[in-house]
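File shown: upload_12.cif (mmCIF, C-alpha atoms, pLDDT in the B column; chains and numbers go by the auth columns).
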```
data_start
loop_
_atom_site.group_PDB
_atom_site.id
_atom_site.type_symbol
_atom_site.label_atom_id
_atom_site.label_comp_id
_atom_site.label_asym_id
_atom_site.label_seq_id
_atom_site.Cartn_x
_atom_site.Cartn_y
_atom_site.Cartn_z
_atom_site.B_iso_or_equiv
_atom_site.auth_seq_id
_atom_site.auth_asym_id
ATOM 1 C CA MET A 1 108.245 99.545 64.202 85.00 1 A
ATOM 2 C CA LYS A 2 106.536 102.143 66.402 90.00 2 A
ATOM 3 C CA LYS A 3 104.728 99.410 68.314 94.00 3 A
ATOM 4 C CA TYR A 4 108.048 97.719 69.071 95.00 4 A
ATOM 5 C CA LEU A 5 109.426 100.983 70.423 94.00 5 A
ATOM 6 C CA PHE A 6 106.389 101.295 72.714 95.00 6 A
ATOM 7 C CA PHE A 7 106.764 97.737 73.998 95.00 7 A
ATOM 8 C CA ALA A 8 110.529 98.168 74.492 95.00 8 A
ATOM 9 C CA TYR A 9 109.780 101.268 76.560 95.00 9 A
ATOM 10 C CA LEU A 10 107.285 99.258 78.660 94.00 10 A
ATOM 11 C CA VAL A 11 109.874 96.548 79.295 95.00 11 A
ATOM 12 C CA VAL A 12 112.396 99.140 80.465 94.00 12 A
ATOM 13 C CA VAL A 13 109.950 100.974 82.761 93.00 13 A
ATOM 14 C CA ILE A 14 108.609 97.772 84.309 93.00 14 A
ATOM 15 C CA GLY A 15 112.138 96.365 84.575 92.00 15 A
ATOM 16 C CA ILE A 16 113.364 99.449 86.402 89.00 16 A
ATOM 17 C CA SER A 17 110.406 99.103 88.768 88.00 17 A
ATOM 18 C CA VAL A 18 111.317 95.578 89.839 88.00 18 A
ATOM 19 C CA ILE A 19 115.113 95.414 89.851 88.00 19 A
ATOM 20 C CA PRO A 20 116.924 95.959 93.149 84.00 20 A
ATOM 21 C CA ILE A 21 118.308 99.478 93.515 73.00 21 A
ATOM 22 C CA GLY A 22 120.738 100.409 96.285 62.00 22 A
ATOM 23 C CA SER A 23 120.534 99.066 99.788 50.00 23 A
ATOM 24 C CA SER A 24 117.257 98.214 101.424 46.00 24 A
ATOM 25 C CA GLY A 25 115.432 101.362 102.469 46.00 25 A
ATOM 26 C CA SER A 26 117.864 103.770 100.848 46.00 26 A
ATOM 27 C CA LEU A 27 115.230 105.286 98.586 47.00 27 A
ATOM 28 C CA GLY A 28 112.184 104.449 100.662 49.00 28 A
ATOM 29 C CA SER A 29 112.922 106.330 103.865 50.00 29 A
ATOM 30 C CA VAL A 30 111.541 109.844 103.480 48.00 30 A
ATOM 31 C CA THR A 31 110.510 112.670 105.713 49.00 31 A
ATOM 32 C CA VAL A 32 108.068 115.459 105.039 48.00 32 A
ATOM 33 C CA LEU A 33 111.005 117.694 104.108 47.00 33 A
ATOM 34 C CA ASP A 34 111.889 115.315 101.276 53.00 34 A
ATOM 35 C CA LEU A 35 108.635 116.061 99.472 53.00 35 A
ATOM 36 C CA LEU A 36 110.313 117.176 96.253 59.00 36 A
ATOM 37 C CA ARG A 37 113.360 114.936 96.134 71.00 37 A
ATOM 38 C CA LEU A 38 115.109 114.325 92.841 79.00 38 A
ATOM 39 C CA ASP A 39 113.808 110.749 93.022 80.00 39 A
ATOM 40 C CA TYR A 40 110.223 111.944 92.554 84.00 40 A
ATOM 41 C CA LEU A 41 111.208 114.044 89.562 88.00 41 A
ATOM 42 C CA LEU A 42 112.905 111.006 88.017 89.00 42 A
ATOM 43 C CA HIS A 43 109.700 109.006 88.470 90.00 43 A
ATOM 44 C CA ALA A 44 107.777 111.678 86.574 92.00 44 A
ATOM 45 C CA LEU A 45 110.401 111.877 83.823 93.00 45 A
ATOM 46 C CA ALA A 46 110.279 108.105 83.346 93.00 46 A
ATOM 47 C CA PHE A 47 106.551 108.220 82.527 96.00 47 A
ATOM 48 C CA ILE A 48 106.408 111.334 80.334 95.00 48 A
ATOM 49 C CA PRO A 49 107.215 109.416 77.086 95.00 49 A
ATOM 50 C CA LEU A 50 104.477 106.845 77.741 95.00 50 A
ATOM 51 C CA VAL A 51 101.600 108.789 76.185 94.00 51 A
ATOM 52 C CA SER A 52 103.509 109.834 73.066 94.00 52 A
ATOM 53 C CA LEU A 53 104.886 106.356 72.445 95.00 53 A
ATOM 54 C CA TRP A 54 101.457 104.805 73.001 95.00 54 A
ATOM 55 C CA ARG A 55 99.855 107.251 70.549 93.00 55 A
ATOM 56 C CA LEU A 56 102.589 106.613 67.968 92.00 56 A
ATOM 57 C CA GLY A 57 102.288 102.846 68.277 94.00 57 A
ATOM 58 C CA PHE A 58 98.500 102.767 68.459 95.00 58 A
ATOM 59 C CA PRO A 59 97.120 105.929 66.824 93.00 59 A
ATOM 60 C CA GLY A 60 93.552 104.601 66.844 94.00 60 A
ATOM 61 C CA HIS A 61 93.349 104.402 70.632 95.00 61 A
ATOM 62 C CA PRO A 62 91.325 107.245 72.140 95.00 62 A
ATOM 63 C CA TRP A 63 92.986 109.709 74.512 94.00 63 A
ATOM 64 C CA TRP A 64 90.927 108.600 77.497 95.00 64 A
ATOM 65 C CA LEU A 65 92.145 105.014 77.054 96.00 65 A
ATOM 66 C CA VAL A 66 95.774 106.094 76.811 95.00 66 A
ATOM 67 C CA ILE A 67 95.548 108.288 79.916 96.00 67 A
ATOM 68 C CA THR A 68 93.623 105.698 81.937 97.00 68 A
ATOM 69 C CA GLY A 69 95.976 102.910 80.831 96.00 69 A
ATOM 70 C CA GLY A 70 98.976 105.080 81.653 96.00 70 A
ATOM 71 C CA ILE A 71 97.707 105.828 85.149 97.00 71 A
ATOM 72 C CA ILE A 72 96.980 102.128 85.720 97.00 72 A
ATOM 73 C CA LEU A 73 100.478 101.182 84.511 96.00 73 A
ATOM 74 C CA ALA A 74 102.067 103.892 86.673 95.00 74 A
ATOM 75 C CA SER A 75 100.111 102.645 89.687 96.00 75 A
ATOM 76 C CA CYS A 76 100.943 98.995 89.050 95.00 76 A
ATOM 77 C CA CYS A 77 104.671 99.732 88.705 93.00 77 A
ATOM 78 C CA GLU A 78 104.661 101.258 92.183 93.00 78 A
ATOM 79 C CA TRP A 79 102.218 98.735 93.686 93.00 79 A
ATOM 80 C CA ILE A 80 104.442 95.820 92.584 93.00 80 A
ATOM 81 C CA GLN A 81 107.203 97.280 94.753 91.00 81 A
ATOM 82 C CA PHE A 82 105.023 96.802 97.833 90.00 82 A
ATOM 83 C CA TRP A 83 105.362 93.041 97.394 91.00 83 A
ATOM 84 C CA LEU A 84 109.092 92.972 96.660 91.00 84 A
ATOM 85 C CA PRO A 85 111.292 92.594 99.748 89.00 85 A
ATOM 86 C CA TYR A 86 114.133 94.591 98.187 88.00 86 A
ATOM 87 C CA ARG A 87 111.965 97.538 97.028 87.00 87 A
ATOM 88 C CA SER A 88 109.600 99.828 98.887 85.00 88 A
ATOM 89 C CA TYR A 89 106.236 101.328 98.039 89.00 89 A
ATOM 90 C CA ASN A 90 106.089 105.093 98.346 88.00 90 A
ATOM 91 C CA ILE A 91 102.981 107.190 97.761 92.00 91 A
ATOM 92 C CA ASN A 92 105.151 110.105 96.613 89.00 92 A
ATOM 93 C CA ASP A 93 106.727 107.898 93.945 91.00 93 A
ATOM 94 C CA LEU A 94 103.230 106.951 92.815 94.00 94 A
ATOM 95 C CA ALA A 95 102.307 110.631 92.602 94.00 95 A
ATOM 96 C CA GLY A 96 105.449 111.224 90.516 93.00 96 A
ATOM 97 C CA ASN A 97 104.534 108.360 88.178 95.00 97 A
ATOM 98 C CA ILE A 98 101.009 109.689 87.654 96.00 98 A
ATOM 99 C CA ALA A 99 102.270 113.257 87.247 96.00 99 A
ATOM 100 C CA GLY A 100 104.576 111.974 84.507 96.00 100 A
ATOM 101 C CA VAL A 101 101.660 110.380 82.668 97.00 101 A
ATOM 102 C CA LEU A 102 99.640 113.595 82.916 97.00 102 A
ATOM 103 C CA LEU A 103 102.597 115.744 81.822 96.00 103 A
ATOM 104 C CA GLY A 104 103.152 113.327 78.954 95.00 104 A
ATOM 105 C CA PHE A 105 99.542 113.851 77.895 95.00 105 A
ATOM 106 C CA ILE A 106 99.977 117.634 77.989 95.00 106 A
ATOM 107 C CA VAL A 107 103.171 117.431 75.922 94.00 107 A
ATOM 108 C CA ALA A 108 101.627 115.035 73.374 91.00 108 A
ATOM 109 C CA TRP A 109 98.461 117.128 73.119 89.00 109 A
ATOM 110 C CA TRP A 110 100.472 120.340 72.710 91.00 110 A
ATOM 111 C CA PHE A 111 102.569 118.931 69.879 87.00 111 A
ATOM 112 C CA LYS A 112 99.525 117.406 68.175 80.00 112 A
ATOM 113 C CA ARG A 113 97.956 120.850 67.916 74.00 113 A
#
```
Kindly transcribe the structure held in the file into structure tokens.
Amino acid sequence: MKKYLFFAYLVVVIGISVIPIGSSGSLGSVTVLDLLRLDYLLHALAFIPLVSLWRLGFPGHPWWLVITGGIILASCCEWIQFWLPYRSYNINDLAGNIAGVLLGFIVAWWFKR
């Protein structure tokens, strides 16, 4: 059952990454002053559960694999948007995704102790 929860989470995160959101350029146009927009925080929050769900579904996987796989998934979700005409790639979104994976690791590690 825990594996299904992990895979359902993956479907949702990847689905959110590829569906059209708003008008073209509405979330992609940023200035330096927008460095900490709510959008970036939402990207991080979306990836925080990844590590815990992965560890619950696959407890035998080592931490380094989970973190590396999470960073690759977070990068791919943003990279896919580069190729979609109705989405936009944003390096700050990528940083938010990766920060979420790393925060998820810290949370999972803290609760494991």
Just give me the gap between atom CA of A:Tyr40 and atom CA of A:Glu78 in Å, one decimal is fine.
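Those two atoms sit 12.1 Å apart.
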Expanded to explicit residues, what is the PyMOL selection byres ((chain A and resi 85-102) around 8) for this file, as a PyMOL selection string?
chain A and resi 18+20-21+23-25+27-28+35+39-51+67+70-71+74-75+78-84+103-106
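With only C-alpha atoms as the basis for measurement, A:Ala108 is the residue among A:Leu38, A:Ala108, A:Leu5, A:Ile14 that approaches A:Ser52 most closely.
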Separation of atom CA of A:Trp54 and atom CA of A:Lys3, in Å?
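Separation between atom CA of A:Trp54 and atom CA of A:Lys3: 7.9 Å.
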Can you measure atom CA of A:Arg113 to atom CA of A:Trp63 for me? One decimal in Å is fine.
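Atom CA of A:Trp63 lies at a distance of 13.9 Å from atom CA of A:Arg113.
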